[in-house]
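As provided, input18.cif (mmCIF, C-alpha atoms (C1' of nucleotides)) reads as follows.
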```
data_upload
loop_
_atom_site.label_atom_id
_atom_site.label_comp_id
_atom_site.auth_asym_id
_atom_site.auth_seq_id
_atom_site.Cartn_x
_atom_site.Cartn_y
_atom_site.Cartn_z
CA MET A 1 0.00 0.00 0.00
CA LEU A 2 1.20 3.49 -0.88
CA THR A 3 1.32 5.75 2.14
CA LYS A 4 -0.58 9.00 2.13
CA LYS A 5 2.73 10.77 2.15
CA THR A 6 3.62 9.30 -1.21
CA LYS A 7 0.22 10.07 -2.64
CA TYR A 8 0.53 13.66 -1.42
CA ALA A 9 3.97 13.89 -2.99
CA LEU A 10 2.69 12.65 -6.33
CA ARG A 11 -0.29 14.97 -6.24
CA SER A 12 2.02 17.86 -5.46
CA LEU A 13 4.37 17.05 -8.30
CA ILE A 14 1.48 16.74 -10.72
CA HIS A 15 0.04 20.02 -9.53
CA LEU A 16 3.34 21.83 -9.89
CA ALA A 17 3.96 20.29 -13.29
CA LEU A 18 0.60 21.51 -14.54
CA LYS A 19 1.31 25.00 -13.25
CA ALA A 20 4.93 25.03 -14.27
CA ASP A 21 4.46 28.09 -16.48
CA GLN A 22 2.71 30.16 -13.84
CA GLY A 23 5.58 30.85 -11.47
CA PRO A 24 6.05 29.61 -7.91
CA VAL A 25 3.10 28.05 -6.07
CA LEU A 26 2.53 28.77 -2.38
CA ILE A 27 2.54 25.84 0.02
CA ALA A 28 -0.73 27.17 1.39
CA ASP A 29 -2.37 27.21 -2.05
CA LEU A 30 -1.10 23.77 -2.92
CA ALA A 31 -2.35 22.44 0.40
CA ALA A 32 -5.77 23.98 -0.09
CA GLU A 33 -6.24 22.93 -3.71
CA GLU A 34 -4.93 19.41 -3.28
CA ASN A 35 -6.57 18.87 0.06
CA ILE A 36 -3.37 18.12 1.95
CA PRO A 37 -2.66 19.19 5.56
CA LYS A 38 -0.39 22.19 5.21
CA LYS A 39 2.16 21.36 7.88
CA PHE A 40 2.53 17.82 6.63
CA LEU A 41 2.91 19.10 3.11
CA GLU A 42 5.80 21.30 4.20
CA HIS A 43 7.76 18.21 5.18
CA ILE A 44 7.03 16.49 1.94
CA LEU A 45 7.98 19.43 -0.24
CA LEU A 46 11.16 19.86 1.74
CA GLU A 47 12.15 16.28 1.03
CA LEU A 48 11.37 16.65 -2.64
CA ASN A 49 13.40 19.84 -2.61
CA LYS A 50 16.41 18.19 -0.98
CA GLU A 51 16.28 15.40 -3.49
CA GLY A 52 16.36 17.92 -6.33
CA TYR A 53 12.88 17.45 -7.70
CA LEU A 54 11.65 20.82 -6.54
CA ALA A 55 13.12 24.24 -5.97
CA SER A 56 11.76 27.09 -3.94
CA LYS A 57 11.86 30.83 -3.79
CA LYS A 58 11.62 32.61 -0.47
CA GLY A 59 10.05 35.92 0.41
CA LYS A 60 7.17 37.70 -1.24
CA GLY A 61 6.15 36.17 -4.54
CA GLY A 62 7.94 32.99 -3.56
CA GLY A 63 6.78 29.41 -3.51
CA TYR A 64 7.62 26.03 -4.97
CA PHE A 65 8.20 24.93 -8.52
CA LEU A 66 9.64 21.97 -10.43
CA ALA A 67 13.41 21.94 -10.54
CA GLN A 68 13.49 19.37 -13.32
CA PRO A 69 11.51 18.80 -16.49
CA ALA A 70 8.61 16.43 -15.88
CA THR A 71 10.12 14.03 -18.38
CA LYS A 72 13.10 13.49 -16.09
CA ILE A 73 11.17 12.69 -12.95
CA VAL A 74 10.74 8.93 -12.64
CA ILE A 75 7.78 7.88 -10.53
CA GLY A 76 9.56 4.83 -9.17
CA ASP A 77 12.23 7.05 -7.68
CA VAL A 78 9.67 9.32 -6.06
CA VAL A 79 7.90 6.34 -4.53
CA ARG A 80 11.21 4.94 -3.26
CA LEU A 81 12.11 8.28 -1.71
CA MET A 82 8.82 8.55 0.13
CA ASP A 83 7.84 4.96 0.85
CA GLY A 84 11.08 3.06 0.67
CA PRO A 85 11.94 0.11 -1.58
CA LEU A 86 9.46 -1.18 -4.12
CA ALA A 87 10.31 -4.81 -3.40
CA PRO A 88 7.82 -6.82 -1.35
CA VAL A 89 10.70 -8.32 0.63
CA ALA A 90 14.04 -6.69 1.31
CA CYS A 91 16.00 -9.71 0.06
CA VAL A 92 14.89 -9.03 -3.51
CA SER A 93 15.34 -5.28 -3.47
CA LYS A 94 17.82 -3.78 -5.91
CA THR A 95 18.09 -0.42 -4.22
CA ALA A 96 17.81 -1.52 -0.59
CA TYR A 97 18.90 -5.13 -0.45
CA ALA A 98 18.99 -6.78 2.97
CA LYS A 99 19.31 -10.42 3.87
CA CYS A 100 16.33 -11.99 5.61
CA LYS A 101 17.38 -12.92 9.10
CA ASP A 102 14.76 -15.53 9.85
CA CYS A 103 15.13 -17.39 6.57
CA GLY A 104 17.62 -20.05 5.67
CA PRO A 105 20.14 -19.68 2.82
CA GLU A 106 18.81 -17.59 -0.03
CA ASN A 107 19.43 -20.13 -2.74
CA GLU A 108 17.11 -22.54 -0.97
CA CYS A 109 14.34 -20.03 -0.41
CA ARG A 110 11.15 -20.87 -2.26
CA ILE A 111 9.52 -17.51 -1.72
CA ARG A 112 12.28 -15.37 -3.13
CA PRO A 113 11.93 -16.26 -6.82
CA VAL A 114 8.26 -15.32 -6.85
CA MET A 115 8.82 -12.10 -4.98
CA LYS A 116 11.64 -11.25 -7.32
CA ARG A 117 9.20 -11.46 -10.19
CA VAL A 118 6.78 -9.24 -8.29
CA ARG A 119 9.49 -6.68 -7.67
CA GLU A 120 10.40 -6.68 -11.34
CA ALA A 121 6.79 -6.31 -12.35
CA ILE A 122 6.33 -3.29 -10.09
CA ALA A 123 9.61 -1.70 -11.11
CA ASP A 124 8.82 -2.25 -14.78
CA VAL A 125 5.79 -0.04 -14.42
CA LEU A 126 7.06 2.62 -12.03
CA ASP A 127 10.54 3.03 -13.44
CA GLN A 128 9.22 3.51 -16.93
CA THR A 129 6.69 6.11 -15.98
CA THR A 130 7.70 9.73 -15.68
CA LEU A 131 5.82 12.63 -14.20
CA GLN A 132 5.19 13.74 -17.77
CA ASP A 133 3.44 10.45 -18.49
CA MET A 134 1.06 11.08 -15.62
CA LEU A 135 0.05 14.53 -16.80
CA ALA A 136 -2.08 13.51 -19.76
CA THR A 137 -5.69 13.96 -18.77
CA PRO A 138 -7.10 10.55 -18.00
CA LYS A 139 -9.65 8.82 -20.16
CA ARG A 140 -12.84 10.79 -20.79
CA LYS A 141 -16.31 9.34 -20.92
CA LYS A 142 -16.63 10.43 -24.55
CA LEU A 143 -14.37 12.17 -27.00
CA MET B 1 6.13 -4.83 1.84
CA LEU B 2 4.95 -8.28 2.78
CA THR B 3 4.33 -8.57 6.49
CA LYS B 4 6.07 -11.24 8.50
CA LYS B 5 2.72 -12.86 9.01
CA THR B 6 2.36 -13.45 5.29
CA LYS B 7 5.88 -14.74 4.99
CA TYR B 8 5.26 -17.11 7.88
CA ALA B 9 2.07 -18.29 6.22
CA LEU B 10 3.84 -18.98 2.95
CA ARG B 11 6.69 -20.78 4.68
CA SER B 12 4.17 -22.90 6.57
CA LEU B 13 2.27 -23.81 3.44
CA ILE B 14 5.47 -24.75 1.66
CA HIS B 15 6.59 -26.81 4.61
CA LEU B 16 3.30 -28.66 4.84
CA ALA B 17 3.21 -29.21 1.09
CA LEU B 18 6.66 -30.77 1.16
CA LYS B 19 5.64 -33.05 4.03
CA ALA B 20 2.18 -33.76 2.68
CA ASP B 21 2.81 -37.50 2.56
CA GLN B 22 4.11 -37.75 6.13
CA GLY B 23 0.89 -37.17 8.07
CA PRO B 24 0.00 -34.23 10.30
CA VAL B 25 2.74 -31.83 11.40
CA LEU B 26 2.79 -30.42 14.93
CA ILE B 27 2.58 -26.67 15.35
CA ALA B 28 5.59 -26.91 17.64
CA ASP B 29 7.67 -28.74 15.03
CA LEU B 30 6.66 -26.36 12.28
CA ALA B 31 7.51 -23.41 14.50
CA ALA B 32 10.91 -24.84 15.37
CA GLU B 33 11.90 -25.89 11.87
CA GLU B 34 10.69 -22.74 10.16
CA ASN B 35 11.89 -20.43 12.89
CA ILE B 36 8.49 -18.91 13.60
CA PRO B 37 7.25 -17.88 17.09
CA LYS B 38 4.92 -20.70 18.10
CA LYS B 39 2.07 -18.66 19.53
CA PHE B 40 2.02 -16.38 16.53
CA LEU B 41 2.07 -19.36 14.23
CA GLU B 42 -1.04 -20.76 15.93
CA HIS B 43 -3.00 -17.71 14.82
CA ILE B 44 -1.75 -17.95 11.30
CA LEU B 45 -2.51 -21.64 10.93
CA LEU B 46 -5.93 -21.07 12.37
CA GLU B 47 -6.68 -18.48 9.72
CA LEU B 48 -5.42 -20.74 6.97
CA ASN B 49 -7.58 -23.48 8.44
CA LYS B 50 -10.71 -21.33 8.49
CA GLU B 51 -10.12 -20.33 4.91
CA GLY B 52 -9.92 -23.97 3.89
CA TYR B 53 -6.25 -24.18 2.97
CA LEU B 54 -5.34 -26.34 5.94
CA ALA B 55 -7.02 -28.98 8.05
CA SER B 56 -6.07 -30.20 11.47
CA LYS B 57 -6.36 -33.28 13.60
CA LYS B 58 -6.66 -32.97 17.35
CA GLY B 59 -5.38 -35.22 20.10
CA LYS B 60 -2.33 -37.42 20.15
CA GLY B 61 -0.82 -37.92 16.72
CA GLY B 62 -2.60 -34.80 15.52
CA GLY B 63 -1.30 -31.72 13.77
CA TYR B 64 -1.79 -29.72 10.61
CA PHE B 65 -1.84 -30.73 6.98
CA LEU B 66 -2.85 -29.31 3.60
CA ALA B 67 -6.58 -29.50 2.96
CA GLN B 68 -6.17 -28.85 -0.75
CA PRO B 69 -3.73 -29.98 -3.41
CA ALA B 70 -0.85 -27.53 -3.78
CA THR B 71 -1.90 -26.91 -7.37
CA LYS B 72 -5.15 -25.34 -6.16
CA ILE B 73 -3.64 -22.90 -3.70
CA VAL B 74 -3.10 -19.56 -5.40
CA ILE B 75 -0.41 -17.41 -3.80
CA GLY B 76 -2.24 -14.17 -4.54
CA ASP B 77 -5.19 -15.37 -2.48
CA VAL B 78 -2.97 -16.31 0.44
CA VAL B 79 -1.31 -12.90 0.37
CA ARG B 80 -4.71 -11.18 0.21
CA LEU B 81 -5.94 -13.21 3.16
CA MET B 82 -2.96 -12.32 5.30
CA ASP B 83 -1.93 -8.87 4.13
CA GLY B 84 -5.04 -7.49 2.52
CA PRO B 85 -5.46 -6.23 -1.04
CA LEU B 86 -2.59 -6.39 -3.52
CA ALA B 87 -3.38 -2.99 -4.97
CA PRO B 88 -1.13 -0.09 -3.97
CA VAL B 89 -4.18 2.14 -3.52
CA ALA B 90 -7.65 0.99 -2.55
CA CYS B 91 -9.30 2.77 -5.48
CA VAL B 92 -7.74 0.34 -7.95
CA SER B 93 -8.34 -2.83 -5.97
CA LYS B 94 -10.51 -5.49 -7.56
CA THR B 95 -11.15 -7.44 -4.39
CA ALA B 96 -11.35 -4.56 -1.91
CA TYR B 97 -12.29 -1.48 -3.88
CA ALA B 98 -12.79 1.73 -1.92
CA LYS B 99 -13.07 5.27 -3.15
CA CYS B 100 -10.31 7.66 -2.12
CA LYS B 101 -11.79 10.28 0.16
CA ASP B 102 -9.21 12.99 -0.25
CA CYS B 103 -9.03 12.78 -4.05
CA GLY B 104 -11.27 14.44 -6.58
CA PRO B 105 -13.38 12.51 -9.10
CA GLU B 106 -11.74 9.26 -10.16
CA ASN B 107 -11.89 9.92 -13.89
CA GLU B 108 -9.74 13.00 -13.37
CA CYS B 109 -7.17 11.29 -11.17
CA ARG B 110 -3.74 11.14 -12.72
CA ILE B 111 -2.33 8.67 -10.23
CA ARG B 112 -4.94 5.98 -10.65
CA PRO B 113 -4.05 4.79 -14.15
CA VAL B 114 -0.45 4.13 -13.16
CA MET B 115 -1.40 2.38 -9.96
CA LYS B 116 -3.90 0.30 -11.85
CA ARG B 117 -1.08 -0.96 -14.00
CA VAL B 118 0.97 -1.72 -10.90
CA ARG B 119 -1.90 -3.66 -9.40
CA GLU B 120 -2.29 -5.65 -12.58
CA ALA B 121 1.40 -6.36 -12.73
CA ILE B 122 1.42 -7.68 -9.17
CA ALA B 123 -1.75 -9.70 -9.64
CA ASP B 124 -0.43 -11.17 -12.89
CA VAL B 125 2.42 -12.72 -10.98
CA LEU B 126 0.74 -13.74 -7.76
CA ASP B 127 -2.53 -14.99 -9.20
CA GLN B 128 -0.76 -17.20 -11.67
CA THR B 129 1.51 -18.79 -9.13
CA THR B 130 0.29 -21.74 -7.09
CA LEU B 131 1.83 -23.31 -4.05
CA GLN B 132 2.92 -26.14 -6.33
CA ASP B 133 4.88 -23.67 -8.45
CA MET B 134 6.82 -22.57 -5.40
CA LEU B 135 7.83 -26.07 -4.39
CA ALA B 136 10.40 -26.72 -7.09
CA THR B 137 13.82 -26.45 -5.51
CA PRO B 138 15.29 -23.12 -6.52
CA LYS B 139 18.27 -22.78 -8.77
CA ARG B 140 21.42 -24.56 -7.63
CA LYS B 141 24.93 -23.27 -7.97
CA LYS B 142 25.85 -26.24 -10.13
CA LEU B 143 24.00 -29.29 -11.37
"C1'" DT C 1 -9.93 -40.72 31.11
"C1'" DA C 2 -5.53 -38.62 30.96
"C1'" DT C 3 -3.26 -35.97 28.06
"C1'" DA C 4 -1.63 -34.41 23.76
"C1'" DA C 5 -2.86 -31.13 20.73
"C1'" DC C 6 -5.57 -27.66 18.50
"C1'" DT C 7 -8.95 -23.42 19.55
"C1'" DC C 8 -9.98 -19.04 21.09
"C1'" DT C 9 -10.22 -14.49 23.67
"C1'" DA C 10 -7.78 -11.00 25.28
"C1'" DG C 11 -4.31 -8.82 25.97
"C1'" DT C 12 0.86 -6.07 25.34
"C1'" DA C 13 5.01 -3.94 23.06
"C1'" DT C 14 7.04 -1.76 19.36
"C1'" DA C 15 7.27 0.74 15.34
"C1'" DG C 16 5.65 3.22 11.59
"C1'" DT C 17 2.29 6.57 9.73
"C1'" DA C 18 0.08 10.95 9.92
"C1'" DG C 19 0.01 15.17 11.52
"C1'" DT C 20 1.09 19.55 14.75
"C1'" DA C 21 3.65 23.38 17.19
"C1'" DG C 22 6.52 26.83 17.14
"C1'" DA C 23 10.82 29.01 16.65
"C1'" DC C 24 14.09 30.27 12.93
"C1'" DT C 25 15.99 32.01 8.58
"C1'" DA C 26 16.10 34.05 4.14
"C1'" DA C 27 14.56 37.18 0.54
"C1'" DT C 28 11.83 40.57 -1.32
"C1'" DG C 29 9.51 45.32 -1.82
"C1'" DG C 30 8.75 49.73 -0.16
"C1'" DC D 1 17.00 48.95 6.05
"C1'" DC D 2 13.33 46.70 7.98
"C1'" DA D 3 8.70 44.78 7.95
"C1'" DT D 4 6.59 41.21 5.94
"C1'" DT D 5 6.15 37.15 3.41
"C1'" DA D 6 7.32 32.61 2.88
"C1'" DG D 7 10.21 28.64 3.17
"C1'" DT D 8 13.30 25.76 6.84
"C1'" DC D 9 13.92 22.96 10.66
"C1'" DT D 10 13.55 20.50 15.24
"C1'" DA D 11 10.81 18.33 18.19
"C1'" DC D 12 6.93 16.72 19.51
"C1'" DT D 13 2.04 13.96 19.73
"C1'" DA D 14 -1.80 10.77 18.30
"C1'" DC D 15 -3.09 6.91 16.11
"C1'" DT D 16 -2.84 2.58 13.88
"C1'" DA D 17 -0.92 -1.71 12.45
"C1'" DT D 18 2.30 -5.23 13.22
"C1'" DA D 19 4.21 -8.73 15.88
"C1'" DC D 20 3.88 -10.98 19.33
"C1'" DT D 21 2.28 -13.45 24.37
"C1'" DA D 22 -0.73 -15.47 28.15
"C1'" DG D 23 -3.69 -18.50 29.57
"C1'" DA D 24 -8.02 -20.75 29.77
"C1'" DG D 25 -10.96 -23.84 26.94
"C1'" DT D 26 -12.09 -27.75 23.92
"C1'" DT D 27 -11.63 -32.05 21.41
"C1'" DA D 28 -10.07 -36.52 20.19
"C1'" DT D 29 -7.39 -40.40 20.57
"C1'" DA D 30 -4.49 -44.02 22.93
#
```

Take the structure in the file and give it back as structure tokens.
Amino acid sequence: MLTKKTKYALRSLIHLALKADQGPVLIADLAAEENIPKKFLEHILLELNKEGYLASKKGKGGGYFLAQPATKIVIGDVVRLMDGPLAPVACVSKTAYAKCKDCGPENECRIRPVMKRVREAIADVLDQTTLQDMLATPKRKKL
Amino acid sequence: MLTKKTKYALRSLIHLALKADQGPVLIADLAAEENIPKKFLEHILLELNKEGYLASKKGKGGGYFLAQPATKIVIGDVVRLMDGPLAPVACVSKTAYAKCKDCGPENECRIRPVMKRVREAIADVLDQTTLQDMLATPKRKKL
DNA sequence: TATAACTCTAGTATAGTAGTAGACTAATGG
DNA sequence: CCATTAGTCTACTACTATACTAGAGTTATA
């Protein structure tokens, strides 16, 4: 399950991407429009800022804006930053590998191969989707 | 992330499947051999029993055993039973759909389509893997 | 009919998620 | 240059889920 934090982060990035040409967006406005608790949002934006996804301008007329083109922002990386590894078990994670303590030797594990395939399936989707890909207005009822 | 509970459940099922021809297995033995806290394991086996995956025999010479052939036990269903829905967000779950409260209308959501693909990717793996599929001894160093 | 073994209710501890408070710092505009 | 706007940062708190544990109860077989 995605945490709310991650969902908030994605919503924020989408929002900022859509308003990229309209100058900095205030935390307060973003919070109000996206229905995110303001104080919590501050944390999230700060993390995205530190990681280089966002940039900010202080003082009057300031706010947040994308620091990278939407085509460069990979959703898998955003999810990893917020939620941690994509892998369902640490022992199959590429970016945060850790040996299972309570299991026997890995090459005898019968769970690992399946979970490895799950990890790959998730990563295939999220690492090949950029923020830009998410921007397209979703399917309409009619066209 | 898979919870430990789910991992324990899978390890138990595998264990029981491998010993299917040797009569009932004691909770205590299963706990010891699979390195699972006994009391916790009781809960897990009970759930698997109620769901029809396992059966038990009481009294002396009793224990647990598979109530279904390993080919009928779908890993996705076991994970759902233990961990809940596979979907990363409830609004794309097939088995436990729930509308997101803090989001706008679903057909305008830009996160949903991606997460739907993630859900499908996970389900594709887990719903097409049976307990039997997990039994094959994993790859060896040499043959 | 003793006892081995599963069944069940009701807890507790720890950790992670979600969110808040409030002081601090930096950058504008007048 | 200084008031104000707006982001930065540290340190909490509340809540929930996970991971267990205790102990009494029940059932079936030798």

(request) Give as a PyMOL selection string the residues that the PyMOL selection byres ((chain A) within 9 of (chain B)) matches when applied to the coordinates above. (result) chain A and resi 1-3+7+10-11+14+34-36+85-90+102-104+107-115+117-119+121-126+129+134-141

Quick one: superpose chain A onto chain B using all C-alpha atoms paired in order, least squares, and give it to me as a tab-separated table (two decimals) with C-alpha atoms, keeping the file's coordinate frame.
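The new file selection.tsv reads:
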```tsv
chain	number	residue	atom	x	y	z
A	1	MET	CA	6.14	-4.81	1.88
A	2	LEU	CA	4.93	-8.27	2.85
A	3	THR	CA	4.30	-8.56	6.56
A	4	LYS	CA	6.04	-11.23	8.56
A	5	LYS	CA	2.69	-12.85	9.06
A	6	THR	CA	2.34	-13.45	5.35
A	7	LYS	CA	5.88	-14.72	5.05
A	8	TYR	CA	5.25	-17.11	7.94
A	9	ALA	CA	2.05	-18.28	6.27
A	10	LEU	CA	3.84	-18.98	3.01
A	11	ARG	CA	6.68	-20.76	4.75
A	12	SER	CA	4.16	-22.88	6.62
A	13	LEU	CA	2.27	-23.81	3.49
A	14	ILE	CA	5.49	-24.73	1.72
A	15	HIS	CA	6.61	-26.80	4.67
A	16	LEU	CA	3.32	-28.65	4.87
A	17	ALA	CA	3.25	-29.20	1.13
A	18	LEU	CA	6.69	-30.76	1.21
A	19	LYS	CA	5.66	-33.04	4.06
A	20	ALA	CA	2.23	-33.76	2.71
A	21	ASP	CA	2.87	-37.51	2.58
A	22	GLN	CA	4.15	-37.77	6.13
A	23	GLY	CA	0.94	-37.20	8.07
A	24	PRO	CA	0.03	-34.26	10.30
A	25	VAL	CA	2.75	-31.84	11.42
A	26	LEU	CA	2.77	-30.45	14.95
A	27	ILE	CA	2.54	-26.69	15.38
A	28	ALA	CA	5.53	-26.95	17.70
A	29	ASP	CA	7.63	-28.76	15.09
A	30	LEU	CA	6.64	-26.37	12.34
A	31	ALA	CA	7.47	-23.42	14.57
A	32	ALA	CA	10.86	-24.85	15.47
A	33	GLU	CA	11.88	-25.88	11.96
A	34	GLU	CA	10.67	-22.74	10.25
A	35	ASN	CA	11.84	-20.42	12.97
A	36	ILE	CA	8.44	-18.91	13.69
A	37	PRO	CA	7.19	-17.91	17.17
A	38	LYS	CA	4.86	-20.72	18.16
A	39	LYS	CA	2.00	-18.69	19.58
A	40	PHE	CA	1.96	-16.39	16.59
A	41	LEU	CA	2.03	-19.37	14.29
A	42	GLU	CA	-1.08	-20.76	15.97
A	43	HIS	CA	-3.03	-17.70	14.85
A	44	ILE	CA	-1.78	-17.96	11.34
A	45	LEU	CA	-2.53	-21.65	10.96
A	46	LEU	CA	-5.97	-21.08	12.39
A	47	GLU	CA	-6.70	-18.48	9.74
A	48	LEU	CA	-5.43	-20.72	7.00
A	49	ASN	CA	-7.58	-23.48	8.44
A	50	LYS	CA	-10.71	-21.34	8.49
A	51	GLU	CA	-10.11	-20.32	4.93
A	52	GLY	CA	-9.90	-23.97	3.90
A	53	TYR	CA	-6.24	-24.17	3.00
A	54	LEU	CA	-5.33	-26.34	5.94
A	55	ALA	CA	-7.01	-28.98	8.04
A	56	SER	CA	-6.07	-30.24	11.45
A	57	LYS	CA	-6.35	-33.32	13.56
A	58	LYS	CA	-6.65	-33.03	17.32
A	59	GLY	CA	-5.36	-35.29	20.04
A	60	LYS	CA	-2.36	-37.56	20.03
A	61	GLY	CA	-0.82	-37.99	16.61
A	62	GLY	CA	-2.59	-34.86	15.47
A	63	GLY	CA	-1.30	-31.77	13.76
A	64	TYR	CA	-1.79	-29.73	10.61
A	65	PHE	CA	-1.81	-30.73	6.98
A	66	LEU	CA	-2.85	-29.31	3.60
A	67	ALA	CA	-6.56	-29.50	2.96
A	68	GLN	CA	-6.14	-28.82	-0.74
A	69	PRO	CA	-3.71	-29.96	-3.40
A	70	ALA	CA	-0.83	-27.52	-3.75
A	71	THR	CA	-1.87	-26.90	-7.33
A	72	LYS	CA	-5.11	-25.33	-6.14
A	73	ILE	CA	-3.61	-22.90	-3.68
A	74	VAL	CA	-3.07	-19.54	-5.37
A	75	ILE	CA	-0.40	-17.41	-3.76
A	76	GLY	CA	-2.22	-14.18	-4.51
A	77	ASP	CA	-5.17	-15.36	-2.46
A	78	VAL	CA	-2.96	-16.30	0.46
A	79	VAL	CA	-1.30	-12.90	0.39
A	80	ARG	CA	-4.69	-11.17	0.23
A	81	LEU	CA	-5.94	-13.20	3.18
A	82	MET	CA	-2.96	-12.30	5.33
A	83	ASP	CA	-1.94	-8.85	4.14
A	84	GLY	CA	-5.04	-7.48	2.52
A	85	PRO	CA	-5.45	-6.23	-1.06
A	86	LEU	CA	-2.58	-6.40	-3.51
A	87	ALA	CA	-3.37	-2.99	-4.98
A	88	PRO	CA	-1.11	-0.09	-4.00
A	89	VAL	CA	-4.18	2.12	-3.56
A	90	ALA	CA	-7.65	0.97	-2.59
A	91	CYS	CA	-9.28	2.77	-5.53
A	92	VAL	CA	-7.71	0.33	-7.98
A	93	SER	CA	-8.32	-2.83	-6.00
A	94	LYS	CA	-10.49	-5.50	-7.58
A	95	THR	CA	-11.14	-7.44	-4.41
A	96	ALA	CA	-11.33	-4.56	-1.94
A	97	TYR	CA	-12.27	-1.48	-3.91
A	98	ALA	CA	-12.77	1.74	-1.96
A	99	LYS	CA	-13.06	5.27	-3.20
A	100	CYS	CA	-10.29	7.65	-2.17
A	101	LYS	CA	-11.79	10.26	0.09
A	102	ASP	CA	-9.19	12.97	-0.32
A	103	CYS	CA	-9.02	12.77	-4.10
A	104	GLY	CA	-11.24	14.43	-6.62
A	105	PRO	CA	-13.35	12.49	-9.15
A	106	GLU	CA	-11.72	9.25	-10.22
A	107	ASN	CA	-11.84	9.92	-13.92
A	108	GLU	CA	-9.70	12.99	-13.41
A	109	CYS	CA	-7.14	11.29	-11.21
A	110	ARG	CA	-3.69	11.13	-12.75
A	111	ILE	CA	-2.29	8.66	-10.27
A	112	ARG	CA	-4.92	5.98	-10.69
A	113	PRO	CA	-4.01	4.77	-14.19
A	114	VAL	CA	-0.42	4.11	-13.19
A	115	MET	CA	-1.37	2.37	-9.99
A	116	LYS	CA	-3.87	0.29	-11.88
A	117	ARG	CA	-1.04	-0.97	-14.04
A	118	VAL	CA	0.99	-1.73	-10.92
A	119	ARG	CA	-1.88	-3.66	-9.42
A	120	GLU	CA	-2.26	-5.67	-12.60
A	121	ALA	CA	1.43	-6.37	-12.74
A	122	ILE	CA	1.44	-7.69	-9.17
A	123	ALA	CA	-1.73	-9.71	-9.63
A	124	ASP	CA	-0.40	-11.18	-12.87
A	125	VAL	CA	2.45	-12.73	-10.96
A	126	LEU	CA	0.75	-13.75	-7.73
A	127	ASP	CA	-2.52	-14.99	-9.17
A	128	GLN	CA	-0.74	-17.21	-11.63
A	129	THR	CA	1.52	-18.79	-9.09
A	130	THR	CA	0.33	-21.72	-7.05
A	131	LEU	CA	1.86	-23.30	-4.00
A	132	GLN	CA	2.94	-26.12	-6.29
A	133	ASP	CA	4.91	-23.66	-8.40
A	134	MET	CA	6.83	-22.56	-5.34
A	135	LEU	CA	7.85	-26.06	-4.33
A	136	ALA	CA	10.42	-26.70	-7.04
A	137	THR	CA	13.83	-26.41	-5.46
A	138	PRO	CA	15.26	-23.06	-6.45
A	139	LYS	CA	18.16	-22.66	-8.81
A	140	ARG	CA	21.32	-24.53	-7.83
A	141	LYS	CA	24.83	-23.23	-8.23
A	142	LYS	CA	25.61	-26.08	-10.62
A	143	LEU	CA	23.65	-28.95	-12.05
```

(request) May I have the residues within 10 Å of segment 11-28 of chain D as a ChimeraX atom specification, using only C-alpha atoms (C1' of nucleotides) and disregarding those fewer than 4 positions away in the same chain? (result) /B:3-5,37-41,57-62 /C:4-22

Next, dump the selected residues to file, keeping only C-alpha atoms (C1' of nucleotides), as a PDB file, in the frame of the given file.
```pdb
ATOM      1  CA  THR B   3       4.330  -8.570   6.490  1.00  0.00           C
ATOM      2  CA  LYS B   4       6.070 -11.240   8.500  1.00  0.00           C
ATOM      3  CA  LYS B   5       2.720 -12.860   9.010  1.00  0.00           C
ATOM      4  CA  PRO B  37       7.250 -17.880  17.090  1.00  0.00           C
ATOM      5  CA  LYS B  38       4.920 -20.700  18.100  1.00  0.00           C
ATOM      6  CA  LYS B  39       2.070 -18.660  19.530  1.00  0.00           C
ATOM      7  CA  PHE B  40       2.020 -16.380  16.530  1.00  0.00           C
ATOM      8  CA  LEU B  41       2.070 -19.360  14.230  1.00  0.00           C
ATOM      9  CA  LYS B  57      -6.360 -33.280  13.600  1.00  0.00           C
ATOM     10  CA  LYS B  58      -6.660 -32.970  17.350  1.00  0.00           C
ATOM     11  CA  GLY B  59      -5.380 -35.220  20.100  1.00  0.00           C
ATOM     12  CA  LYS B  60      -2.330 -37.420  20.150  1.00  0.00           C
ATOM     13  CA  GLY B  61      -0.820 -37.920  16.720  1.00  0.00           C
ATOM     14  CA  GLY B  62      -2.600 -34.800  15.520  1.00  0.00           C
TER      15      GLY B  62
ATOM     16  C1'  DA C   4      -1.630 -34.410  23.760  1.00  0.00           C
ATOM     17  C1'  DA C   5      -2.860 -31.130  20.730  1.00  0.00           C
ATOM     18  C1'  DC C   6      -5.570 -27.660  18.500  1.00  0.00           C
ATOM     19  C1'  DT C   7      -8.950 -23.420  19.550  1.00  0.00           C
ATOM     20  C1'  DC C   8      -9.980 -19.040  21.090  1.00  0.00           C
ATOM     21  C1'  DT C   9     -10.220 -14.490  23.670  1.00  0.00           C
ATOM     22  C1'  DA C  10      -7.780 -11.000  25.280  1.00  0.00           C
ATOM     23  C1'  DG C  11      -4.310  -8.820  25.970  1.00  0.00           C
ATOM     24  C1'  DT C  12       0.860  -6.070  25.340  1.00  0.00           C
ATOM     25  C1'  DA C  13       5.010  -3.940  23.060  1.00  0.00           C
ATOM     26  C1'  DT C  14       7.040  -1.760  19.360  1.00  0.00           C
ATOM     27  C1'  DA C  15       7.270   0.740  15.340  1.00  0.00           C
ATOM     28  C1'  DG C  16       5.650   3.220  11.590  1.00  0.00           C
ATOM     29  C1'  DT C  17       2.290   6.570   9.730  1.00  0.00           C
ATOM     30  C1'  DA C  18       0.080  10.950   9.920  1.00  0.00           C
ATOM     31  C1'  DG C  19       0.010  15.170  11.520  1.00  0.00           C
ATOM     32  C1'  DT C  20       1.090  19.550  14.750  1.00  0.00           C
ATOM     33  C1'  DA C  21       3.650  23.380  17.190  1.00  0.00           C
ATOM     34  C1'  DG C  22       6.520  26.830  17.140  1.00  0.00           C
TER      35       DG C  22
END
```
